[in-house]
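Source file: upload-v9.cif. Holds: mmCIF, C-alpha atoms.
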data_work
loop_
_atom_site.group_PDB
_atom_site.id
_atom_site.type_symbol
_atom_site.label_atom_id
_atom_site.label_comp_id
_atom_site.auth_asym_id
_atom_site.auth_seq_id
_atom_site.Cartn_x
_atom_site.Cartn_y
_atom_site.Cartn_z
ATOM 1 C CA PHE F 1 34.036 100.497 277.826
ATOM 2 C CA ALA F 2 31.135 102.512 279.218
ATOM 3 C CA ASN F 3 28.652 100.330 277.320
ATOM 4 C CA HIS F 4 30.143 97.274 279.008
ATOM 5 C CA ARG F 5 29.675 98.813 282.468
ATOM 6 C CA ILE F 6 26.054 99.730 281.816
ATOM 7 C CA LYS F 7 25.348 96.275 280.387
ATOM 8 C CA GLY F 8 26.920 94.770 283.492
ATOM 9 C CA MET F 9 24.794 96.947 285.747
ATOM 10 C CA ILE F 10 21.650 95.915 283.874
ATOM 11 C CA GLU F 11 22.609 92.239 284.168
ATOM 12 C CA ALA F 12 23.423 92.547 287.873
ATOM 13 C CA HIS F 13 20.543 94.765 289.002
ATOM 14 C CA GLY F 14 17.894 94.503 286.275
ATOM 15 C CA ARG F 15 16.807 97.040 283.685
ATOM 16 C CA SER F 16 14.089 98.611 285.846
ATOM 17 C CA THR F 17 16.538 99.304 288.696
ATOM 18 C CA VAL F 18 19.093 100.833 286.338
ATOM 19 C CA ASN F 19 16.432 102.846 284.515
ATOM 20 C CA GLY F 20 15.159 104.120 287.865
ATOM 21 C CA ALA F 21 18.580 105.180 289.134
ATOM 22 C CA TYR F 22 19.393 108.889 289.212
ATOM 23 C CA SER F 23 22.180 109.536 286.738
ATOM 24 C CA PHE F 24 24.154 112.568 285.704
ATOM 25 C CA ALA F 25 27.123 113.501 283.576
ATOM 26 C CA VAL F 26 29.588 116.383 283.865
ATOM 27 C CA VAL F 27 30.660 117.972 280.576
ATOM 28 C CA ARG F 28 33.076 120.733 279.590
ATOM 29 C CA ASN F 29 33.435 123.226 276.750
ATOM 30 C CA PRO F 30 35.382 121.290 274.086
ATOM 31 C CA TRP F 31 37.905 124.106 273.542
ATOM 32 C CA THR F 32 38.614 124.478 277.242
ATOM 33 C CA ARG F 33 38.833 120.712 277.621
ATOM 34 C CA LEU F 34 41.262 120.429 274.698
ATOM 35 C CA VAL F 35 43.491 123.175 276.114
ATOM 36 C CA SER F 36 43.315 121.769 279.632
ATOM 37 C CA GLY F 37 44.350 118.331 278.372
ATOM 38 C CA TYR F 38 47.178 119.836 276.337
ATOM 39 C CA ARG F 39 48.374 121.764 279.405
ATOM 40 C CA ASP F 40 48.230 118.655 281.609
ATOM 41 C CA LEU F 41 49.998 116.372 279.184
ATOM 42 C CA PHE F 42 52.269 118.355 276.868
ATOM 43 C CA TYR F 43 52.771 121.986 277.871
ATOM 44 C CA GLY F 44 55.585 121.420 280.346
ATOM 45 C CA GLU F 45 53.785 123.072 283.290
ATOM 46 C CA LYS F 46 53.653 119.672 284.926
ATOM 47 C CA LYS F 47 56.022 116.773 284.648
ATOM 48 C CA ASN F 48 54.187 114.055 282.763
ATOM 49 C CA ASP F 49 56.606 111.290 281.813
ATOM 50 C CA GLN F 50 53.833 109.103 280.415
ATOM 51 C CA TYR F 51 53.201 111.594 277.590
ATOM 52 C CA ARG F 52 56.721 112.963 277.177
ATOM 53 C CA ALA F 53 57.555 110.610 274.275
ATOM 54 C CA ILE F 54 54.392 111.685 272.445
ATOM 55 C CA GLY F 55 55.283 115.343 273.015
ATOM 56 C CA ILE F 56 58.758 114.755 271.557
ATOM 57 C CA HIS F 57 57.186 112.942 268.607
ATOM 58 C CA ILE F 58 54.855 115.908 267.990
ATOM 59 C CA VAL F 59 57.766 118.371 268.025
ATOM 60 C CA ARG F 60 59.805 116.118 265.715
ATOM 61 C CA GLU F 61 56.938 115.698 263.272
ATOM 62 C CA MET F 62 55.582 119.244 263.288
ATOM 63 C CA ARG F 63 58.864 121.197 263.436
ATOM 64 C CA GLY F 64 61.117 118.749 261.627
ATOM 65 C CA ILE F 65 63.666 118.678 264.475
ATOM 66 C CA THR F 66 65.496 115.368 264.607
ATOM 67 C CA ASP F 67 68.424 116.038 266.988
ATOM 68 C CA PRO F 68 67.640 113.862 270.078
ATOM 69 C CA GLU F 69 69.510 116.148 272.483
ATOM 70 C CA ARG F 70 67.681 119.225 271.270
ATOM 71 C CA LEU F 71 64.321 117.432 271.396
ATOM 72 C CA GLN F 72 64.737 116.567 275.094
ATOM 73 C CA ASP F 73 64.350 120.225 276.066
ATOM 74 C CA LEU F 74 61.410 121.018 273.787
ATOM 75 C CA HIS F 75 57.685 120.741 274.362
ATOM 76 C CA PRO F 76 55.041 121.073 271.659
ATOM 77 C CA THR F 77 53.294 124.416 271.485
ATOM 78 C CA PHE F 78 49.507 124.433 271.381
ATOM 79 C CA ALA F 79 49.792 125.299 267.672
ATOM 80 C CA ASP F 80 52.056 122.258 267.147
ATOM 81 C CA TYR F 81 49.573 120.085 268.981
ATOM 82 C CA ALA F 82 46.498 121.462 267.158
ATOM 83 C CA LYS F 83 48.128 121.040 263.731
ATOM 84 C CA TRP F 84 49.221 117.520 264.674
ATOM 85 C CA LEU F 85 45.654 116.600 265.666
ATOM 86 C CA VAL F 86 44.357 117.939 262.357
ATOM 87 C CA LYS F 87 47.072 116.075 260.461
ATOM 88 C CA LYS F 88 46.147 112.856 262.281
ATOM 89 C CA GLY F 89 42.473 113.409 261.526
ATOM 90 C CA SER F 90 41.832 114.818 265.007
ATOM 91 C CA HIS F 91 41.909 111.312 266.415
ATOM 92 C CA HIS F 92 44.117 110.936 269.415
ATOM 93 C CA HIS F 93 45.160 107.670 270.961
ATOM 94 C CA ASP F 94 43.866 108.821 274.333
ATOM 95 C CA ARG F 95 40.192 109.002 275.371
ATOM 96 C CA TYR F 96 41.086 112.233 277.168
ATOM 97 C CA PHE F 97 40.684 114.042 273.834
ATOM 98 C CA TYR F 98 37.746 112.183 272.312
ATOM 99 C CA PRO F 99 34.507 114.106 271.770
ATOM 100 C CA GLN F 100 32.350 113.857 274.892
ATOM 101 C CA VAL F 101 29.321 112.667 272.932
ATOM 102 C CA ILE F 102 31.099 109.336 272.495
ATOM 103 C CA ASP F 103 30.699 108.738 276.225
ATOM 104 C CA LEU F 104 27.366 110.517 276.578
ATOM 105 C CA CYS F 105 25.607 108.717 273.744
ATOM 106 C CA ILE F 106 26.243 105.159 274.782
ATOM 107 C CA PRO F 107 23.461 102.593 274.446
ATOM 108 C CA HIS F 108 21.166 102.283 277.461
ATOM 109 C CA ALA F 109 22.460 105.515 279.085
ATOM 110 C CA MET F 110 19.897 108.066 280.161
ATOM 111 C CA TYR F 111 20.776 111.125 282.228
ATOM 112 C CA ASP F 112 18.599 113.014 284.637
ATOM 113 C CA PHE F 113 21.026 115.902 284.608
ATOM 114 C CA ILE F 114 23.933 117.048 282.463
ATOM 115 C CA ILE F 115 26.156 119.529 284.265
ATOM 116 C CA PRO F 116 28.577 121.870 282.492
ATOM 117 C CA LEU F 117 31.782 121.813 284.574
ATOM 118 C CA GLU F 118 31.932 125.589 284.303
ATOM 119 C CA HIS F 119 28.794 125.768 286.452
ATOM 120 C CA SER F 120 29.161 122.577 288.451
ATOM 121 C CA GLU F 121 29.656 124.253 291.825
ATOM 122 C CA VAL F 122 26.113 125.609 291.649
ATOM 123 C CA LEU F 123 24.478 122.762 289.740
ATOM 124 C CA SER F 124 26.094 119.995 291.787
ATOM 125 C CA LYS F 125 23.995 121.104 294.762
ATOM 126 C CA LYS F 126 20.867 120.067 292.841
ATOM 127 C CA VAL F 127 22.345 116.689 291.908
ATOM 128 C CA LEU F 128 23.703 115.983 295.378
ATOM 129 C CA SER F 129 20.387 116.979 296.908
ATOM 130 C CA ALA F 130 18.578 114.569 294.562
ATOM 131 C CA ILE F 131 20.743 111.685 295.813
ATOM 132 C CA ASN F 132 20.549 112.870 299.450
ATOM 133 C CA LEU F 133 24.216 113.776 299.739
ATOM 134 C CA HIS F 134 24.711 117.199 301.268
ATOM 135 C CA GLY F 135 27.715 119.299 302.266
ATOM 136 C CA THR F 136 30.016 118.268 299.434
ATOM 137 C CA TYR F 137 30.699 119.180 295.807
ATOM 138 C CA LEU F 138 31.364 117.152 292.708
ATOM 139 C CA LEU F 139 34.990 116.371 292.087
ATOM 140 C CA GLY F 140 36.472 118.870 289.684
ATOM 141 C CA SER F 141 33.988 121.587 290.542
ATOM 142 C CA TYR F 142 35.374 125.048 290.154
ATOM 143 C CA ASP F 143 35.979 126.934 293.342
ATOM 144 C CA LYS F 144 32.811 128.833 294.235
ATOM 145 C CA SER F 145 34.688 132.121 294.476
ATOM 146 C CA SER F 146 36.065 131.984 290.933
ATOM 147 C CA ASP F 147 34.285 132.893 287.740
ATOM 148 C CA PRO F 148 34.576 130.130 285.091
ATOM 149 C CA ARG F 149 35.115 132.736 282.393
ATOM 150 C CA TYR F 150 38.463 133.496 284.021
ATOM 151 C CA GLN F 151 39.784 129.973 284.502
ATOM 152 C CA LYS F 152 43.300 129.485 283.111
ATOM 153 C CA SER F 153 42.350 126.961 280.437
ATOM 154 C CA THR F 154 39.441 129.126 279.275
ATOM 155 C CA LEU F 155 41.687 132.165 278.961
ATOM 156 C CA HIS F 156 44.391 130.133 277.212
ATOM 157 C CA ALA F 157 41.810 128.608 274.865
ATOM 158 C CA LYS F 158 40.530 132.008 273.771
ATOM 159 C CA GLU F 159 44.060 133.313 273.218
ATOM 160 C CA TRP F 160 45.663 130.231 271.674
ATOM 161 C CA LEU F 161 42.766 129.422 269.356
ATOM 162 C CA SER F 162 42.757 133.002 268.063
ATOM 163 C CA LEU F 163 46.397 132.552 267.012
ATOM 164 C CA LEU F 164 45.749 129.422 264.944
ATOM 165 C CA ASP F 165 45.117 129.377 261.227
ATOM 166 C CA SER F 166 41.348 129.350 260.653
ATOM 167 C CA ASP F 167 41.620 126.096 258.680
ATOM 168 C CA VAL F 168 43.054 124.380 261.768
ATOM 169 C CA THR F 169 40.346 125.716 264.091
ATOM 170 C CA ASP F 170 37.630 124.890 261.550
ATOM 171 C CA ARG F 171 38.844 121.308 261.274
ATOM 172 C CA LEU F 172 39.134 120.925 265.048
ATOM 173 C CA TYR F 173 35.672 122.437 265.446
ATOM 174 C CA SER F 174 34.270 119.896 263.005
ATOM 175 C CA PHE F 175 35.733 117.110 265.162
ATOM 176 C CA TYR F 176 34.006 118.490 268.278
ATOM 177 C CA LYS F 177 30.929 119.881 266.507
ATOM 178 C CA ALA F 178 28.531 117.368 268.059
ATOM 179 C CA ASP F 179 29.779 118.359 271.541
ATOM 180 C CA PHE F 180 29.201 122.035 270.793
ATOM 181 C CA MET F 181 25.720 121.378 269.433
ATOM 182 C CA LEU F 182 24.524 118.781 271.937
ATOM 183 C CA MET F 183 25.703 120.748 274.945
ATOM 184 C CA ASN F 184 24.968 124.196 273.497
ATOM 185 C CA TYR F 185 28.510 125.404 274.109
ATOM 186 C CA SER F 186 29.885 128.639 272.738
ATOM 187 C CA ASN F 187 32.595 128.538 270.064
ATOM 188 C CA PHE F 188 34.159 131.697 271.621
#
How does this structure look as structure tokens?
Amino acid sequence: FANHRIKGMIEAHGRSTVNGAYSFAVVRNPWTRLVSGYRDLFYGEKKNDQYRAIGIHIVREMRGITDPERLQDLHPTFADYAKWLVKKGSHHHDRYFYPQVIDLCIPHAMYDFIIPLEHSEVLSKKVLSAINLHGTYLLGSYDKSSDPRYQKSTLHAKEWLSLLDSDVTDRLYSFYKADFMLMNYSNF
């Protein structure tokens, strides 16, 4: 998908124009990203009808519950979800959970700046200054008054991952290993 867009930009504007454009990417710690996605889609904090059937499927498969009425009131735990990802080979049908290197390492993509979301409020000023856009922040930037180490998904990630069997975390880590290495992220 991303390759197609870059190819289209090269065809429309020429390689030299695209190569000369200022480009940046925003990345996130893989553990925090995984937990944030789980919270958005499956946790039950938010109503997400699009993913409800998948959540029910996860509960059915991981807990062996087959009663449809009982399933309607249940949401997968993070442990259910993590074990399900490992069982499925850590491949999810949704790009939301793919390793970020898949999007970062596309052919013809070169970045002037890669910004960790955890520090985007500060770093976005540099990027926005480089493209002459002042007085705004990148979408998704953390609030400048909050410390990224205390964001909900970061705290949940540290707690929930510590409760998982080490085999599960090791296998999930191996799926996201390139993200951790390329972006020099901590494994908590």
For the structure provided, state which residues fall under the PyMOL selection byres ((chain F and resi 41) around 12), and present them as a compact mmCIF listing (two decimals) with C-alpha atoms, keeping the file's coordinate frame.
# COMPACT_ATOMS: atom_id res chain seq x y z
CA LEU F 34 41.26 120.43 274.70
CA VAL F 35 43.49 123.18 276.11
CA SER F 36 43.32 121.77 279.63
CA GLY F 37 44.35 118.33 278.37
CA TYR F 38 47.18 119.84 276.34
CA ARG F 39 48.37 121.76 279.40
CA ASP F 40 48.23 118.66 281.61
CA PHE F 42 52.27 118.36 276.87
CA TYR F 43 52.77 121.99 277.87
CA GLY F 44 55.58 121.42 280.35
CA GLU F 45 53.78 123.07 283.29
CA LYS F 46 53.65 119.67 284.93
CA LYS F 47 56.02 116.77 284.65
CA ASN F 48 54.19 114.06 282.76
CA ASP F 49 56.61 111.29 281.81
CA GLN F 50 53.83 109.10 280.42
CA TYR F 51 53.20 111.59 277.59
CA ARG F 52 56.72 112.96 277.18
CA ALA F 53 57.56 110.61 274.27
CA ILE F 54 54.39 111.68 272.44
CA GLY F 55 55.28 115.34 273.02
CA ILE F 56 58.76 114.76 271.56
CA HIS F 75 57.68 120.74 274.36
CA PRO F 76 55.04 121.07 271.66
CA THR F 77 53.29 124.42 271.48
CA PHE F 78 49.51 124.43 271.38
CA TYR F 81 49.57 120.08 268.98
CA ASP F 94 43.87 108.82 274.33
CA TYR F 96 41.09 112.23 277.17
CA PHE F 97 40.68 114.04 273.83
Worksheet item: Pick the closest to Pro116 (chain F) from F:Gly8, F:Gly14, F:Pro30, F:Gly20: which is it, counting only C-alpha atoms?
Response: F:Pro30
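Residues in contact range of region 124-134 of chain F, defined as at most 9 Å between only C-alpha atoms, with sequence neighbours fewer than 6 positions away removed, read Tyr22, Ser23, Phe24, Asp112, Phe113, Ile115 and Ser141 of chain F.
The interatomic distance for the pair CA of Asp103 (chain F) and CA of Leu161 (chain F) works out to 24.9 Å.
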Response to the item:
Using all atoms listed in the file, the shortest atom-to-atom distance to Val168 (chain F) among F:Ile114, F:Met183, F:Val101, F:Ala82 belongs to F:Ala82
Name the residues within 12 Å of (27.8, 119.0, 270.2), counting all atoms listed in the file in the file's coordinates, and put them as a compact mmCIF listing (two decimals) with C-alpha atoms, keeping the file's coordinate frame.
# COMPACT_ATOMS: atom_id res chain seq x y z
CA VAL F 27 30.66 117.97 280.58
CA ARG F 28 33.08 120.73 279.59
CA ASN F 29 33.44 123.23 276.75
CA PRO F 30 35.38 121.29 274.09
CA TRP F 31 37.90 124.11 273.54
CA PRO F 99 34.51 114.11 271.77
CA GLN F 100 32.35 113.86 274.89
CA VAL F 101 29.32 112.67 272.93
CA ILE F 102 31.10 109.34 272.50
CA LEU F 104 27.37 110.52 276.58
CA CYS F 105 25.61 108.72 273.74
CA TYR F 173 35.67 122.44 265.45
CA SER F 174 34.27 119.90 263.00
CA PHE F 175 35.73 117.11 265.16
CA TYR F 176 34.01 118.49 268.28
CA LYS F 177 30.93 119.88 266.51
CA ALA F 178 28.53 117.37 268.06
CA ASP F 179 29.78 118.36 271.54
CA PHE F 180 29.20 122.04 270.79
CA MET F 181 25.72 121.38 269.43
CA LEU F 182 24.52 118.78 271.94
CA MET F 183 25.70 120.75 274.94
CA ASN F 184 24.97 124.20 273.50
CA TYR F 185 28.51 125.40 274.11
CA SER F 186 29.88 128.64 272.74
CA ASN F 187 32.60 128.54 270.06
Worksheet entry | Residue members of the PyMOL selection byres ((chain F and resi 157) around 9) in the file shown, as a count of residues only | 17
Worksheet item: Pick from F:Val18, F:Asp80, F:Ala12, F:Lys7: nearest to Met110 (chain F), with only C-alpha atoms counted?
Response: F:Val18
Fill in: Pick from F:Met62, F:Gln151, F:Tyr98, F:Glu118 nearest to Leu172 (chain F), counting all atoms listed in the file
F:Tyr98
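Among F:Arg63, F:Lys83, F:Arg5, F:Arg70, the residue with the shortest atom-to-atom distance to Leu164 (chain F), counting all atoms listed in the file, is F:Lys83.
With CA of Val59 (chain F) on one side and CA of Arg95 (chain F) on the other, the separation reads 21.2 Å.
CA of Asp170 (chain F) is found 24.2 Å from CA of Arg60 (chain F).
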Using the file's own x, y and z axes, what box holds all listed atoms of region 27-44 of chain F with 3 Å on each side, keeping edges along x, y and z, and what are its centre and edge lengths in Å to one decimal, as JSON?
{"center_x": 43.1, "center_y": 120.4, "center_z": 277.6, "size_x": 30.9, "size_y": 14.1, "size_z": 14.1}
